[in-house]
Amino acid sequence: MAETKTTVTAAAAKTSSHQAKKSSNLFALLAVPICIAIAYVFFFLVLGNPDNFMGGNVENHPVEEGIGKWFGTVYKGGLIVPILISILLICITFVIERFLYLSKAKGKFSGAELVRKVQYHLANKNVDAALAECDKQKGSVGNVIKAGLRKYKEMISNNELDTDQKILTIKNEIEETTALELPMMEKNLVFLSTIASVATLVGLFGTVLGMIKAFAAMSSGGAPDSAQLALGISEALINTALGIGTSAIAIIMYNYFTTNIDSITYAIDESGFTLTQSFAANHK
């Protein structure tokens, strides 16, 4: 009966993980085109608003004061700018999504604290109290320890396996649950790692286009066209700033998230060691 209940619980956990993965895939599928659409609307309707330019003509220079000056200047960065804005919005979107998910994965209190509490309860041979602590933690470490504790409790009353086989069964249960938790924590980080390098390259591409315009103005017959020269240099610098800024955000947040995932993973590994050592010590 207990084995059937554990099997049902494991199946439910797998189903829940599959649903969470499917939901995450749908989020990524929708987020990217939505961010691109918002970026182009912002570029043409907000940055390209005629009020941001002298005489209400986007072909003229930006107005000399107010926020319109900055909007008009960014608009003059050229058609690479909406691409960079799209990348920036995608970056911010997945930073927020990962921050919310990992905040939930860390639980109500730290995994290290949960491991200490579980160690205490197992030392007193109170498995139910240890399970209650996992329910309070509500994080990835809690989910893994809870699965291990259920198998731990099942093995106590199992008379068919020897101690080594029971420990191996508990260890396998922990590894299987960990295999469901870790991919979800690392989900969508590929967007940030890709943006970290791509944003700089796209910004550099915009910089090159701007410098081409600048040198074209300098090479024109007679005196160089100072307005076109300034426009080309401005376009180059705007694209450079957007590309480097977006890349910096992606790198910083990627490293922040991977550090958090490493700390959760360490707590999970420690919990697995705790459960197997406790069982070996208490049920020789």
# chains A, B, ... in the order shown; residues from 1 in each chain; ligands from 1
>>> residues_around(residues="A:Phe99", least_positions_apart="3", cutoff="10 Å", atoms="only C-alpha atoms", output="ChimeraX atom specification")
/A:93-96,102-105,253,256-257,260
>>> residues_around(residues="A:Glu64", least_positions_apart="2", cutoff="12 Å", atoms="only C-alpha atoms", output="NGL selection string")
:A and (51-55 or 60-62 or 66-73)
>>> write_last_selection(atoms="N, CA and C atoms", output="mmCIF file, in the first residue's frame")
data_model
loop_
_atom_site.group_PDB
_atom_site.id
_atom_site.type_symbol
_atom_site.label_atom_id
_atom_site.label_comp_id
_atom_site.auth_asym_id
_atom_site.auth_seq_id
_atom_site.Cartn_x
_atom_site.Cartn_y
_atom_site.Cartn_z
ATOM 1 N N ASP A 51 7.155 65.092 -32.881
ATOM 2 C CA ASP A 51 7.360 66.118 -31.858
ATOM 3 C C ASP A 51 8.775 66.108 -31.304
ATOM 4 N N ASN A 52 9.502 65.012 -31.526
ATOM 5 C CA ASN A 52 10.878 64.921 -31.024
ATOM 6 C C ASN A 52 11.884 65.579 -31.965
ATOM 7 N N PHE A 53 11.413 66.140 -33.085
ATOM 8 C CA PHE A 53 12.317 66.694 -34.094
ATOM 9 C C PHE A 53 11.919 68.119 -34.469
ATOM 10 N N MET A 54 12.901 68.867 -34.865
ATOM 11 C CA MET A 54 12.659 70.259 -35.247
ATOM 12 C C MET A 54 11.715 70.323 -36.440
ATOM 13 N N GLY A 55 10.737 71.215 -36.342
ATOM 14 C CA GLY A 55 9.779 71.389 -37.425
ATOM 15 C C GLY A 55 8.826 70.223 -37.575
ATOM 16 N N ASN A 60 14.731 66.002 -39.779
ATOM 17 C CA ASN A 60 15.506 67.075 -39.161
ATOM 18 C C ASN A 60 16.210 66.591 -37.904
ATOM 19 N N HIS A 61 16.997 67.496 -37.300
ATOM 20 C CA HIS A 61 17.690 67.166 -36.068
ATOM 21 C C HIS A 61 16.696 67.083 -34.909
ATOM 22 N N PRO A 62 17.056 66.343 -33.843
ATOM 23 C CA PRO A 62 16.181 66.302 -32.666
ATOM 24 C C PRO A 62 16.040 67.686 -32.034
ATOM 25 N N GLY A 66 14.541 68.897 -23.407
ATOM 26 C CA GLY A 66 13.471 67.992 -23.001
ATOM 27 C C GLY A 66 13.778 66.544 -23.341
ATOM 28 N N ILE A 67 12.849 65.677 -22.958
ATOM 29 C CA ILE A 67 13.038 64.247 -23.208
ATOM 30 C C ILE A 67 13.008 63.930 -24.695
ATOM 31 N N GLY A 68 12.335 64.798 -25.473
ATOM 32 C CA GLY A 68 12.284 64.594 -26.917
ATOM 33 C C GLY A 68 13.656 64.623 -27.549
ATOM 34 N N LYS A 69 14.581 65.396 -26.941
ATOM 35 C CA LYS A 69 15.951 65.468 -27.450
ATOM 36 C C LYS A 69 16.596 64.088 -27.402
ATOM 37 N N TRP A 70 16.404 63.385 -26.263
ATOM 38 C CA TRP A 70 17.014 62.059 -26.111
ATOM 39 C C TRP A 70 16.307 61.022 -26.971
ATOM 40 N N PHE A 71 14.982 61.085 -27.038
ATOM 41 C CA PHE A 71 14.251 60.150 -27.878
ATOM 42 C C PHE A 71 14.647 60.317 -29.349
ATOM 43 N N GLY A 72 14.722 61.572 -29.782
ATOM 44 C CA GLY A 72 15.095 61.832 -31.173
ATOM 45 C C GLY A 72 16.504 61.390 -31.480
ATOM 46 N N THR A 73 17.411 61.586 -30.516
ATOM 47 C CA THR A 73 18.815 61.177 -30.708
ATOM 48 C C THR A 73 18.922 59.666 -30.863
#
>>> residues_around(residues="A:Asp164", least_positions_apart="3", cutoff="12 Å", atoms="only C-alpha atoms", output="list in words")
Met155, Glu160, Leu161, Ile167, Leu168, Thr169, Ile170, Lys171, Thr276, Gln277, Phe279, Ala280, Ala281, His283 and Lys284 of chain A
>>> residues_around(residues="A:Ile80", least_positions_apart="3", cutoff="8 Å", atoms="only C-alpha atoms", output="ChimeraX atom specification")
/A:77,83-84,202-203,206,239
>>> atom_distance(atom1="atom CA of A:Ile34", atom2="atom CA of A:Asn49")
21.3 Å
>>> closest_residue(among="A:Thr246, A:Lys125, A:Ile238, A:Pro50", to="A:Ser86", atoms="only C-alpha atoms")
A:Thr246
>>> closest_atom_pairs(of="stretch 193-282 of chain A", to="stretch 126-136 of chain A", cutoff="12 Å", atoms="only C-alpha atoms", output="tab-separated table")
residue	atom	partner	partner_atom	distance
A:Ser271	CA	A:Cys134	CA	11.4
A:Leu275	CA	A:Val127	CA	10.6
A:Ser278	CA	A:Val127	CA	11.0
A:Phe279	CA	A:Val127	CA	10.9
A:Asn282	CA	A:Asn126	CA	11.4
>>> write_last_selection(atoms="N, CA, C and O atoms", output="mmCIF file, in the first residue's frame")
data_model
loop_
_atom_site.group_PDB
_atom_site.id
_atom_site.type_symbol
_atom_site.label_atom_id
_atom_site.label_comp_id
_atom_site.auth_asym_id
_atom_site.auth_seq_id
_atom_site.Cartn_x
_atom_site.Cartn_y
_atom_site.Cartn_z
ATOM 1 N N SER A 271 21.826 17.316 1.156
ATOM 2 C CA SER A 271 20.637 16.641 1.701
ATOM 3 C C SER A 271 20.658 15.148 1.371
ATOM 4 O O SER A 271 20.289 14.310 2.206
ATOM 5 N N LEU A 275 20.619 12.113 4.178
ATOM 6 C CA LEU A 275 19.610 11.048 4.274
ATOM 7 C C LEU A 275 20.239 9.657 4.255
ATOM 8 O O LEU A 275 19.873 8.788 5.052
ATOM 9 N N SER A 278 22.242 9.072 7.477
ATOM 10 C CA SER A 278 21.344 8.892 8.621
ATOM 11 C C SER A 278 20.718 7.502 8.611
ATOM 12 O O SER A 278 20.623 6.845 9.667
ATOM 13 N N PHE A 279 20.307 7.052 7.438
ATOM 14 C CA PHE A 279 19.696 5.716 7.349
ATOM 15 C C PHE A 279 20.723 4.654 7.702
ATOM 16 O O PHE A 279 20.414 3.690 8.427
ATOM 17 N N ASN A 282 21.188 4.743 11.572
ATOM 18 C CA ASN A 282 20.041 4.400 12.419
ATOM 19 C C ASN A 282 19.411 3.043 12.123
ATOM 20 O O ASN A 282 18.621 2.541 12.933
#
>>> residues_around(residues="A:Ile212", least_positions_apart="5", cutoff="10 Å", atoms="only C-alpha atoms", output="number ranges by chain")
A: 206-207, 217-218, 229, 232-233, 236
>>> write_last_selection(atoms="all heavy atoms", output="PDB file, in the first residue's frame")
ATOM      1  N   GLY A 206      25.942  47.855 -35.822  1.00  0.00           N
ATOM      2  CA  GLY A 206      25.380  49.202 -35.941  1.00  0.00           C
ATOM      3  C   GLY A 206      26.448  50.274 -35.913  1.00  0.00           C
ATOM      4  O   GLY A 206      26.353  51.285 -36.616  1.00  0.00           O
ATOM      5  N   THR A 207      27.479  50.047 -35.117  1.00  0.00           N
ATOM      6  CA  THR A 207      28.604  50.992 -35.051  1.00  0.00           C
ATOM      7  C   THR A 207      29.305  51.093 -36.397  1.00  0.00           C
ATOM      8  O   THR A 207      29.636  52.189 -36.867  1.00  0.00           O
ATOM      9  CB  THR A 207      29.619  50.533 -33.976  1.00  0.00           C
ATOM     10  OG1 THR A 207      28.958  50.455 -32.716  1.00  0.00           O
ATOM     11  CG2 THR A 207      30.783  51.501 -33.878  1.00  0.00           C
ATOM     12  N   ALA A 217      30.452  60.758 -45.586  1.00  0.00           N
ATOM     13  CA  ALA A 217      30.277  62.212 -45.530  1.00  0.00           C
ATOM     14  C   ALA A 217      31.614  62.926 -45.685  1.00  0.00           C
ATOM     15  O   ALA A 217      31.711  63.977 -46.320  1.00  0.00           O
ATOM     16  CB  ALA A 217      29.619  62.601 -44.207  1.00  0.00           C
ATOM     17  N   MET A 218      32.660  62.344 -45.120  1.00  0.00           N
ATOM     18  CA  MET A 218      33.993  62.952 -45.206  1.00  0.00           C
ATOM     19  C   MET A 218      34.576  62.847 -46.612  1.00  0.00           C
ATOM     20  O   MET A 218      35.357  63.700 -47.038  1.00  0.00           O
ATOM     21  CB  MET A 218      34.938  62.274 -44.210  1.00  0.00           C
ATOM     22  CG  MET A 218      34.602  62.558 -42.750  1.00  0.00           C
ATOM     23  SD  MET A 218      35.724  61.720 -41.613  1.00  0.00           S
ATOM     24  CE  MET A 218      37.284  62.531 -42.024  1.00  0.00           C
ATOM     25  N   LEU A 229      28.249  63.848 -41.164  1.00  0.00           N
ATOM     26  CA  LEU A 229      29.362  63.303 -40.380  1.00  0.00           C
ATOM     27  C   LEU A 229      28.937  63.105 -38.924  1.00  0.00           C
ATOM     28  O   LEU A 229      29.166  62.044 -38.333  1.00  0.00           O
ATOM     29  CB  LEU A 229      30.557  64.252 -40.450  1.00  0.00           C
ATOM     30  CG  LEU A 229      31.789  63.855 -39.616  1.00  0.00           C
ATOM     31  CD1 LEU A 229      32.338  62.519 -40.062  1.00  0.00           C
ATOM     32  CD2 LEU A 229      32.863  64.942 -39.722  1.00  0.00           C
ATOM     33  N   GLY A 232      26.409  60.196 -38.605  1.00  0.00           N
ATOM     34  CA  GLY A 232      27.049  58.883 -38.688  1.00  0.00           C
ATOM     35  C   GLY A 232      27.739  58.509 -37.393  1.00  0.00           C
ATOM     36  O   GLY A 232      27.612  57.370 -36.911  1.00  0.00           O
ATOM     37  N   ILE A 233      28.464  59.481 -36.807  1.00  0.00           N
ATOM     38  CA  ILE A 233      29.155  59.216 -35.536  1.00  0.00           C
ATOM     39  C   ILE A 233      28.141  58.978 -34.419  1.00  0.00           C
ATOM     40  O   ILE A 233      28.307  58.087 -33.582  1.00  0.00           O
ATOM     41  CB  ILE A 233      30.088  60.394 -35.177  1.00  0.00           C
ATOM     42  CG1 ILE A 233      31.218  60.496 -36.220  1.00  0.00           C
ATOM     43  CG2 ILE A 233      30.662  60.228 -33.776  1.00  0.00           C
ATOM     44  CD1 ILE A 233      32.113  61.704 -36.047  1.00  0.00           C
ATOM     45  N   ALA A 236      26.734  55.529 -34.685  1.00  0.00           N
ATOM     46  CA  ALA A 236      27.712  54.540 -34.236  1.00  0.00           C
ATOM     47  C   ALA A 236      27.743  54.442 -32.716  1.00  0.00           C
ATOM     48  O   ALA A 236      27.725  53.348 -32.139  1.00  0.00           O
ATOM     49  CB  ALA A 236      29.102  54.901 -34.770  1.00  0.00           C
TER      50      ALA A 236
END
